[in-house]
file my_file30.tsv (TSV, C-alpha atoms)
chain	number	residue	atom	x	y	z
A	783	MET	CA	30.44	-138.76	226.75
A	784	LYS	CA	31.77	-142.04	228.15
A	785	ARG	CA	28.63	-142.36	230.23
A	786	VAL	CA	26.40	-141.80	227.20
A	787	SER	CA	28.42	-144.28	225.14
A	788	TYR	CA	28.14	-146.85	227.93
A	789	CYS	CA	24.35	-146.40	228.14
A	790	LEU	CA	23.97	-146.76	224.36
A	791	ARG	CA	26.02	-149.96	224.32
A	792	LEU	CA	24.01	-151.32	227.24
A	793	TRP	CA	20.73	-150.47	225.49
A	794	ARG	CA	21.89	-152.26	222.33
A	795	ALA	CA	22.77	-155.29	224.43
A	796	TYR	CA	19.31	-155.25	226.03
A	797	LEU	CA	17.69	-155.08	222.59
A	798	ARG	CA	19.77	-158.03	221.40
A	799	VAL	CA	18.76	-160.09	224.42
A	800	GLY	CA	15.12	-159.14	223.88
A	801	PHE	CA	15.23	-160.22	220.25
A	802	LEU	CA	16.93	-163.52	221.06
A	803	THR	CA	14.37	-164.17	223.79
A	804	MET	CA	11.50	-163.54	221.38
A	805	THR	CA	12.89	-165.92	218.78
A	806	GLN	CA	13.97	-168.62	221.22
A	807	TYR	CA	10.77	-170.59	220.61
A	808	PRO	CA	9.73	-170.02	216.97
A	809	ALA	CA	6.28	-171.60	217.28
A	810	ASP	CA	5.39	-169.43	220.29
A	811	THR	CA	6.66	-166.39	218.43
A	812	VAL	CA	4.42	-167.13	215.43
A	813	ILE	CA	1.38	-167.68	217.67
A	814	LEU	CA	2.06	-164.43	219.52
A	815	LEU	CA	2.43	-162.51	216.26
A	816	ILE	CA	-0.86	-163.91	214.96
A	817	SER	CA	-2.66	-163.07	218.19
A	818	MET	CA	-1.33	-159.51	218.05
A	819	LEU	CA	-2.50	-159.15	214.45
A	820	VAL	CA	-5.97	-160.43	215.35
A	821	ARG	CA	-6.19	-158.08	218.31
A	822	GLU	CA	-5.11	-155.03	216.31
A	823	ALA	CA	-7.35	-155.98	213.38
A	824	SER	CA	-10.40	-156.33	215.63
A	825	GLY	CA	-9.93	-152.82	216.99
A	826	PHE	CA	-9.48	-151.36	213.53
A	827	VAL	CA	-12.48	-153.23	212.08
A	828	GLY	CA	-14.57	-151.96	214.99
A	829	ILE	CA	-13.65	-148.37	214.14
A	830	LEU	CA	-14.43	-148.91	210.46
A	831	ALA	CA	-17.79	-150.48	211.34
A	832	ILE	CA	-18.80	-147.49	213.44
A	833	VAL	CA	-17.70	-145.00	210.80
A	834	GLY	CA	-19.36	-147.04	208.05
A	835	VAL	CA	-22.71	-147.02	209.84
A	836	THR	CA	-22.61	-143.33	210.75
A	837	GLY	CA	-21.03	-142.18	207.48
A	838	GLY	CA	-18.25	-140.45	209.38
A	839	MET	CA	-17.56	-138.85	212.75
A	840	GLY	CA	-18.42	-135.19	212.91
A	841	ASN	CA	-16.47	-133.56	210.10
A	842	TRP	CA	-14.12	-136.56	209.78
A	843	ASN	CA	-14.66	-138.98	206.91
A	844	VAL	CA	-13.64	-142.63	206.99
A	845	TYR	CA	-10.13	-142.09	205.59
A	846	GLU	CA	-9.43	-139.25	208.02
A	847	VAL	CA	-10.52	-141.48	210.89
A	848	CYS	CA	-8.12	-144.13	209.55
A	849	ILE	CA	-5.34	-141.54	209.63
A	850	LEU	CA	-6.09	-140.72	213.27
A	851	PHE	CA	-6.49	-144.33	214.37
A	852	SER	CA	-3.30	-145.48	212.65
A	853	MET	CA	-1.27	-142.60	214.10
A	854	CYS	CA	-2.53	-143.44	217.57
A	855	ALA	CA	-1.72	-147.14	217.06
A	856	VAL	CA	1.81	-146.42	215.79
A	857	ILE	CA	2.70	-144.53	218.97
A	858	GLU	CA	1.19	-147.28	221.11
A	859	ALA	CA	3.25	-149.88	219.22
A	860	ILE	CA	6.48	-147.94	219.81
A	861	GLY	CA	5.67	-147.78	223.51
A	862	GLN	CA	4.87	-151.49	223.67
A	863	ALA	CA	8.07	-152.40	221.86
A	864	PHE	CA	10.59	-150.37	223.83
A	865	PHE	CA	9.04	-148.74	226.92
A	866	ASP	CA	6.52	-151.30	228.11
A	867	ASN	CA	8.30	-152.41	231.26
A	868	VAL	CA	7.09	-149.37	233.20
A	869	TRP	CA	4.04	-151.61	233.65
A	870	GLY	CA	6.26	-153.97	235.62
A	871	MET	CA	7.06	-151.49	238.39
A	872	ASP	CA	4.54	-153.09	240.74
A	873	HIS	CA	5.98	-156.62	240.69
A	874	MET	CA	9.59	-155.37	240.49
A	875	MET	CA	9.11	-153.65	243.83
A	876	ARG	CA	7.22	-156.53	245.39
A	877	ARG	CA	9.80	-159.13	244.33
A	878	GLY	CA	12.79	-156.99	245.20
A	879	GLU	CA	14.02	-156.80	241.60
A	880	LEU	CA	14.43	-153.05	241.89
A	881	ASP	CA	16.81	-153.65	244.80
A	882	VAL	CA	19.11	-155.57	242.44
A	883	PHE	CA	19.12	-152.69	239.95
A	884	LEU	CA	20.18	-150.30	242.69
A	885	THR	CA	23.38	-152.29	243.30
A	886	ARG	CA	24.55	-151.98	239.69
A	887	PRO	CA	26.46	-149.05	238.17
A	888	ALA	CA	24.04	-148.61	235.24
A	889	PRO	CA	21.17	-146.10	235.44
A	890	VAL	CA	18.26	-147.77	237.24
A	891	PHE	CA	15.60	-146.64	234.78
A	892	LEU	CA	17.61	-147.93	231.83
A	893	GLN	CA	17.76	-151.31	233.53
A	894	VAL	CA	14.01	-151.22	234.13
A	895	LEU	CA	13.28	-150.56	230.46
A	896	GLY	CA	15.86	-153.05	229.23
A	897	GLN	CA	14.36	-155.99	231.09
A	898	VAL	CA	11.47	-156.29	228.61
A	899	THR	CA	11.31	-155.51	224.89
A	900	HIS	CA	8.37	-156.57	222.76
A	901	PHE	CA	9.70	-156.75	219.22
A	902	GLN	CA	6.38	-158.31	218.21
A	903	ALA	CA	4.87	-154.84	218.46
A	904	VAL	CA	7.09	-153.72	215.57
A	905	LEU	CA	4.85	-155.81	213.30
A	906	SER	CA	1.82	-153.80	214.46
A	907	LEU	CA	3.78	-150.63	213.82
A	908	ILE	CA	4.54	-151.66	210.23
A	909	ILE	CA	0.90	-152.57	209.58
A	910	TYR	CA	-0.41	-149.25	210.87
A	911	VAL	CA	2.18	-147.30	208.94
A	912	GLY	CA	0.80	-149.10	205.89
A	913	ILE	CA	-2.76	-148.13	206.83
A	914	PHE	CA	-1.65	-144.52	207.27
A	915	VAL	CA	-0.03	-144.50	203.82
A	916	TRP	CA	-3.13	-146.10	202.25
A	917	ALA	CA	-5.49	-143.57	203.85
A	918	ALA	CA	-3.18	-140.67	202.91
A	919	LEU	CA	-3.22	-141.82	199.27
A	920	GLN	CA	-7.01	-142.02	199.31
A	921	LEU	CA	-7.15	-138.44	200.58
A	922	ASN	CA	-4.43	-137.23	198.20
A	923	LEU	CA	-2.76	-135.86	201.30
A	924	HIS	CA	0.01	-133.42	200.45
A	925	ILE	CA	3.19	-133.93	202.50
A	926	GLY	CA	5.19	-130.74	202.31
A	927	LEU	CA	7.83	-129.35	204.65
A	928	TYR	CA	5.28	-128.43	207.34
A	929	GLU	CA	3.57	-131.83	207.22
A	930	ALA	CA	6.93	-133.62	207.34
A	931	LEU	CA	7.87	-131.57	210.42
A	932	ILE	CA	4.57	-132.49	212.09
A	933	LEU	CA	5.14	-136.18	211.36
A	934	VAL	CA	8.65	-136.14	212.81
A	935	GLU	CA	7.48	-134.26	215.90
A	936	TYR	CA	4.48	-136.55	216.24
A	937	VAL	CA	6.67	-139.67	216.40
A	938	ILE	CA	9.15	-138.17	218.87
A	939	PHE	CA	6.93	-136.12	221.15
A	940	GLY	CA	3.84	-138.30	220.77
A	941	THR	CA	5.91	-141.18	222.13
A	942	MET	CA	7.18	-138.96	224.94
A	943	VAL	CA	3.63	-137.98	225.91
A	944	ASN	CA	2.19	-141.48	225.65
A	945	SER	CA	4.96	-143.39	227.42
A	946	GLY	CA	5.59	-140.51	229.83
A	947	ILE	CA	1.99	-140.53	231.07
A	948	TYR	CA	2.06	-144.30	231.53
A	949	ALA	CA	5.33	-143.97	233.41
A	950	ILE	CA	4.02	-141.28	235.76
A	951	PHE	CA	1.05	-143.35	236.86
A	952	ASN	CA	3.07	-146.56	237.17
A	953	PHE	CA	5.63	-144.72	239.29
A	954	LEU	CA	2.86	-144.24	241.86
A	955	ASN	CA	3.72	-147.78	242.93
A	956	PHE	CA	6.49	-146.20	245.00
A	957	TRP	CA	3.79	-144.89	247.35
A	958	ILE	CA	0.57	-146.80	246.61
A	959	VAL	CA	-0.08	-150.53	246.94
A	960	GLN	CA	-1.52	-151.80	243.63
A	961	GLY	CA	-0.84	-148.41	242.06
A	962	GLU	CA	-0.88	-150.14	238.68
A	963	ASP	CA	-4.68	-150.12	238.84
A	964	ILE	CA	-4.64	-146.35	238.39
A	965	ALA	CA	-2.37	-146.70	235.36
A	966	VAL	CA	-4.74	-149.29	233.89
A	967	LEU	CA	-7.61	-146.82	234.32
A	968	VAL	CA	-5.57	-144.21	232.43
A	969	GLN	CA	-4.88	-146.74	229.68
A	970	THR	CA	-8.61	-147.41	229.44
A	971	CYS	CA	-9.31	-143.69	229.14
A	972	ARG	CA	-6.86	-143.64	226.24
A	973	GLU	CA	-9.50	-145.36	224.09
A	974	PHE	CA	-11.19	-141.97	223.77
A	975	VAL	CA	-8.30	-140.49	221.78
A	976	LYS	CA	-8.60	-143.10	219.05
A	977	TYR	CA	-11.64	-141.11	217.96
A	978	PRO	CA	-11.83	-137.44	216.93
A	979	LEU	CA	-12.08	-135.53	220.19
A	980	ASN	CA	-14.34	-132.90	218.68
A	981	VAL	CA	-17.22	-135.41	218.60
A	982	PHE	CA	-17.16	-135.50	222.41
A	983	PRO	CA	-18.42	-132.84	224.85
A	984	ALA	CA	-16.15	-129.89	225.58
A	985	ALA	CA	-15.34	-131.25	229.05
A	986	ILE	CA	-13.84	-134.43	227.58
A	987	GLN	CA	-11.91	-132.44	224.97
A	988	GLY	CA	-10.49	-130.22	227.71
A	989	PHE	CA	-9.61	-133.20	229.90
A	990	PHE	CA	-7.54	-134.87	227.16
A	991	THR	CA	-5.91	-131.58	226.23
A	992	PHE	CA	-5.00	-129.97	229.56
A	993	LEU	CA	-5.28	-132.55	232.37
A	994	LEU	CA	-4.35	-135.83	230.67
A	995	PRO	CA	-2.86	-134.56	227.39
A	996	LEU	CA	-3.27	-137.77	225.38
A	997	GLY	CA	-4.83	-135.68	222.64
A	998	PHE	CA	-1.27	-134.71	221.67
A	999	VAL	CA	-0.39	-138.33	220.94
A	1000	ALA	CA	-2.27	-138.32	217.63
A	1001	TYR	CA	-5.38	-136.13	217.56
A	1002	TYR	CA	-3.73	-132.72	217.30
A	1003	PRO	CA	-0.97	-133.92	214.94
A	1004	ALA	CA	-3.67	-135.49	212.72
A	1005	MET	CA	-5.64	-132.23	212.81
A	1006	ALA	CA	-2.53	-130.36	211.66
A	1007	LEU	CA	-1.82	-132.85	208.86
A	1008	LEU	CA	-5.39	-132.71	207.60
A	1009	GLY	CA	-5.63	-128.91	207.81
A	1010	LYS	CA	-8.40	-129.03	210.40
A	1011	THR	CA	-6.86	-126.61	212.90
A	1012	THR	CA	-5.11	-123.26	213.01
A	1013	LEU	CA	-3.41	-124.06	216.33
A	1014	PRO	CA	0.42	-123.94	216.35
A	1015	VAL	CA	0.68	-127.70	216.75
A	1016	GLU	CA	4.35	-127.67	215.71
A	1017	LEU	CA	5.06	-125.61	218.86
A	1018	MET	CA	2.59	-127.31	221.15
A	1019	LEU	CA	3.87	-130.85	220.56
A	1020	PRO	CA	7.46	-130.25	221.81
A	1021	ALA	CA	6.22	-128.21	224.76
A	1022	VAL	CA	3.78	-130.88	225.94
A	1023	GLY	CA	6.21	-133.74	225.27
A	1024	VAL	CA	9.05	-132.15	227.23
A	1025	PHE	CA	6.69	-131.19	230.07
A	1026	VAL	CA	5.33	-134.73	230.46
A	1027	VAL	CA	8.80	-136.32	230.41
A	1028	PHE	CA	10.12	-133.76	232.88
A	1029	LEU	CA	7.19	-134.46	235.20
A	1030	ALA	CA	7.82	-138.20	234.87
A	1031	PHE	CA	11.48	-137.60	235.74
A	1032	LEU	CA	10.53	-135.66	238.89
A	1033	VAL	CA	8.12	-138.37	240.03
A	1034	TRP	CA	10.70	-141.09	239.33
A	1035	ARG	CA	13.45	-139.26	241.20
A	1036	ALA	CA	11.20	-138.56	244.19
A	1037	GLY	CA	10.04	-142.17	244.31
A	1038	LEU	CA	13.53	-143.61	244.00
A	1039	ARG	CA	14.89	-141.35	246.73
A	1040	GLY	CA	12.18	-142.45	249.12
A	1041	TYR	CA	12.33	-146.14	248.18
A	1042	ASN	CA	13.05	-148.32	251.21
A	1043	SER	CA	13.29	-151.71	249.54
A	1044	THR	CA	10.95	-154.63	250.18
A	1045	GLY	CA	12.41	-155.46	253.54
A	1046	THR	CA	12.87	-159.11	252.54
call {"tool": "encode", "arguments": {"input": "my_file30.tsv", "output": "C-alpha cells"}}
result
Amino acid sequence: MKRVSYCLRLWRAYLRVGFLTMTQYPADTVILLISMLVREASGFVGILAIVGVTGGMGNWNVYEVCILFSMCAVIEAIGQAFFDNVWGMDHMMRRGELDVFLTRPAPVFLQVLGQVTHFQAVLSLIIYVGIFVWAALQLNLHIGLYEALILVEYVIFGTMVNSGIYAIFNFLNFWIVQGEDIAVLVQTCREFVKYPLNVFPAAIQGFFTFLLPLGFVAYYPAMALLGKTTLPVELMLPAVGVFVVFLAFLVWRAGLRGYNSTGT
C-alpha cells in the first residue's frame, strides 16, 4: 500500500508540474489551445461534409456518425493528455534520458508518462463530450443501466486499448532504430476507425477487430449504445482492454530487461 500511495503522490506531482508548465507562458497557451481547436474542428467538419454529401454512411445517419466520431476523439484526447509520452521513447533512448530514470527508485514507466502531460487536450475532450451529448439528444438516445455500463467501460477499456496499442509499437524502439515510424503508421491506420467499420470490406473490419483491435476504442461501444449489434460488447471490451495492456506490459518488461543504455 505504501508503494501505491507513493506512486499516486508522484503522479499528482507530475500533473501539477505539467499544468504549471502549460500555463507558464499564457500567450503561448492560448495560441496552442486555438490551434488544437482548429485542428479538431477541421477533422469534424470533414466528417460532416462527407456524411452530408452521401446522406449517411451505410446504415449510419449523420447523428450516429457524430456519436462514433466524438467517442473516438474523446479517447484520443485522454491519451494525448495523460499517456502521450510513449511517443517520446525514441528520443529518450537516444539521449540517455531513460538511463536517468533507471537510477531512481520510482517505477520507470511512471516516470516516462509523467515527463509530459498535455492538459490542452482536456479542452478537446470537453468539446467532444458536448458533441456526443448534442448528437444523443438529436437521436433521443436512451441511457439506461446497460448504456451507462457501456459508457463507463468504453472510457476505461477504450483508453486501455488505444494507449496500449500506441505503447506496444513505441516500445519497439528498444530493438528497432526509428521504431517510432511503425507507431506513426499505426496511428495513421487509426483514421479508419473514425468511420463505421461496416462500410469497409470484411478484411478491413477483421483487421481492426482481431489483429489491431482499434475497433474496440469506439466503434463497438457505439454500436452497442445505438442498438446496432447483438454482440456481448460489455464482455468484449474488458477482455480486449486487459489483453492489450497485458501485452504492452510484456513488451515493456522484455525491452527494459534487454536495454543496454546508449553507451554515451
call {"tool": "residues_around", "arguments": {"input": "my_file30.tsv", "residues": "A:Cys789", "least_positions_apart": "6", "cutoff": "10 Å", "atoms": "all atoms listed in the file", "output": "PyMOL selection string"}}
result
chain A and resi 783+795+888-889+892-893
call {"tool": "residues_near_point", "arguments": {"input": "my_file30.tsv", "point": "(-1.2, -130.2, 222.3)", "cutoff": "7 Å", "atoms": "only C-alpha atoms", "output": "ChimeraX atom specification"}}
result
/A:991,995,997-998,1002,1015,1018-1019,1022
call {"tool": "closest_residue", "arguments": {"input": "my_file30.tsv", "among": "A:Asn1042, A:Arg1035, A:Leu996, A:Ser852", "to": "A:Ala918", "atoms": "all atoms listed in the file"}}
result
A:Ser852
call {"tool": "closest_residue", "arguments": {"input": "my_file30.tsv", "among": "A:Met875, A:Ile986, A:Leu907, A:Val898", "to": "A:Asn955", "atoms": "only C-alpha atoms"}}
result
A:Met875
call {"tool": "atom_distance", "arguments": {"input": "my_file30.tsv", "atom1": "atom CA of A:Val812", "atom2": "atom CA of A:Val904"}}
result
13.7 Å
call {"tool": "closest_residue", "arguments": {"input": "my_file30.tsv", "among": "A:Leu819, A:Leu802, A:Ile857, A:Ala1036", "to": "A:Trp957", "atoms": "all atoms listed in the file"}}
result
A:Ala1036
call {"tool": "atom_distance", "arguments": {"input": "my_file30.tsv", "atom1": "atom CA of A:Leu993", "atom2": "atom CA of A:Gly1023"}}
result
13.6 Å
call {"tool": "closest_residue", "arguments": {"input": "my_file30.tsv", "among": "A:Thr1011, A:Asn980, A:Asn952, A:Gln902", "to": "A:Gly800", "atoms": "only C-alpha atoms"}}
result
A:Gln902
call {"tool": "residues_around", "arguments": {"input": "my_file30.tsv", "residues": "A:Phe901", "least_positions_apart": "6", "cutoff": "12 Å", "atoms": "only C-alpha atoms", "output": "list in words"}}
result
Tyr796, Leu797, Arg798, Val799, Gly800, Phe801, Leu802, Thr803, Met804, Thr805, Thr811, Leu814, Leu815, Met818, Ala859, Ile860, Gly861, Gln862, Ala863, Phe864, Phe865, Asp866, Leu907 and Ile908 of chain A
call {"tool": "write_last_selection", "arguments": {"input": "my_file30.tsv", "atoms": "C-alpha atoms", "output": "PDB file, keeping the file's coordinate frame"}}
result
ATOM      1  CA  TYR A 796      19.310-155.250 226.030  1.00  0.00           C
ATOM      2  CA  LEU A 797      17.690-155.080 222.590  1.00  0.00           C
ATOM      3  CA  ARG A 798      19.770-158.030 221.400  1.00  0.00           C
ATOM      4  CA  VAL A 799      18.760-160.090 224.420  1.00  0.00           C
ATOM      5  CA  GLY A 800      15.120-159.140 223.880  1.00  0.00           C
ATOM      6  CA  PHE A 801      15.230-160.220 220.250  1.00  0.00           C
ATOM      7  CA  LEU A 802      16.930-163.520 221.060  1.00  0.00           C
ATOM      8  CA  THR A 803      14.370-164.170 223.790  1.00  0.00           C
ATOM      9  CA  MET A 804      11.500-163.540 221.380  1.00  0.00           C
ATOM     10  CA  THR A 805      12.890-165.920 218.780  1.00  0.00           C
ATOM     11  CA  THR A 811       6.660-166.390 218.430  1.00  0.00           C
ATOM     12  CA  LEU A 814       2.060-164.430 219.520  1.00  0.00           C
ATOM     13  CA  LEU A 815       2.430-162.510 216.260  1.00  0.00           C
ATOM     14  CA  MET A 818      -1.330-159.510 218.050  1.00  0.00           C
ATOM     15  CA  ALA A 859       3.250-149.880 219.220  1.00  0.00           C
ATOM     16  CA  ILE A 860       6.480-147.940 219.810  1.00  0.00           C
ATOM     17  CA  GLY A 861       5.670-147.780 223.510  1.00  0.00           C
ATOM     18  CA  GLN A 862       4.870-151.490 223.670  1.00  0.00           C
ATOM     19  CA  ALA A 863       8.070-152.400 221.860  1.00  0.00           C
ATOM     20  CA  PHE A 864      10.590-150.370 223.830  1.00  0.00           C
ATOM     21  CA  PHE A 865       9.040-148.740 226.920  1.00  0.00           C
ATOM     22  CA  ASP A 866       6.520-151.300 228.110  1.00  0.00           C
ATOM     23  CA  LEU A 907       3.780-150.630 213.820  1.00  0.00           C
ATOM     24  CA  ILE A 908       4.540-151.660 210.230  1.00  0.00           C
TER      25      ILE A 908
END
call {"tool": "residues_near_point", "arguments": {"input": "my_file30.tsv", "point": "(18.9, -146.7, 236.9)", "cutoff": "12 Å", "atoms": "only C-alpha atoms", "output": "ChimeraX atom specification"}}
result
/A:789,792,880-897,1031,1034-1035,1038-1039
call {"tool": "atom_distance", "arguments": {"input": "my_file30.tsv", "atom1": "atom CA of A:Ala965", "atom2": "atom CA of A:Tyr948"}}
result
6.3 Å
call {"tool": "closest_residue", "arguments": {"input": "my_file30.tsv", "among": "A:Trp869, A:Phe826, A:Phe982, A:Tyr977", "to": "A:Tyr910", "atoms": "all atoms listed in the file"}}
result
A:Phe826
call {"tool": "residues_around", "arguments": {"input": "my_file30.tsv", "residues": "A:Phe851", "least_positions_apart": "3", "cutoff": "6 Å", "atoms": "all atoms listed in the file", "output": "mmCIF file with C-alpha atoms, in the frame of the given file"}}
result
data_model
loop_
_atom_site.group_PDB
_atom_site.id
_atom_site.type_symbol
_atom_site.label_atom_id
_atom_site.label_comp_id
_atom_site.auth_asym_id
_atom_site.auth_seq_id
_atom_site.Cartn_x
_atom_site.Cartn_y
_atom_site.Cartn_z
ATOM 1 C CA CYS A 848 -8.120 -144.130 209.550
ATOM 2 C CA CYS A 854 -2.530 -143.440 217.570
ATOM 3 C CA LYS A 976 -8.600 -143.100 219.050
#
call {"tool": "closest_residue", "arguments": {"input": "my_file30.tsv", "among": "A:Leu850, A:Leu919, A:Leu1029, A:Ala831", "to": "A:Val975", "atoms": "all atoms listed in the file"}}
result
A:Leu850
call {"tool": "residues_around", "arguments": {"input": "my_file30.tsv", "residues": "A:Ile932", "least_positions_apart": "6", "cutoff": "10 Å", "atoms": "only C-alpha atoms", "output": "PDB file with C-alpha atoms, in the coordinates of the input"}}
result
ATOM      1  CA  ILE A 925       3.190-133.930 202.500  1.00  0.00           C
ATOM      2  CA  GLY A 926       5.190-130.740 202.310  1.00  0.00           C
ATOM      3  CA  ILE A 938       9.150-138.170 218.870  1.00  0.00           C
ATOM      4  CA  TYR A1002      -3.730-132.720 217.300  1.00  0.00           C
ATOM      5  CA  PRO A1003      -0.970-133.920 214.940  1.00  0.00           C
ATOM      6  CA  ALA A1004      -3.670-135.490 212.720  1.00  0.00           C
ATOM      7  CA  ALA A1006      -2.530-130.360 211.660  1.00  0.00           C
ATOM      8  CA  LEU A1007      -1.820-132.850 208.860  1.00  0.00           C
ATOM      9  CA  VAL A1015       0.680-127.700 216.750  1.00  0.00           C
ATOM     10  CA  GLU A1016       4.350-127.670 215.710  1.00  0.00           C
ATOM     11  CA  LEU A1017       5.060-125.610 218.860  1.00  0.00           C
ATOM     12  CA  LEU A1019       3.870-130.850 220.560  1.00  0.00           C
TER      13      LEU A1019
END
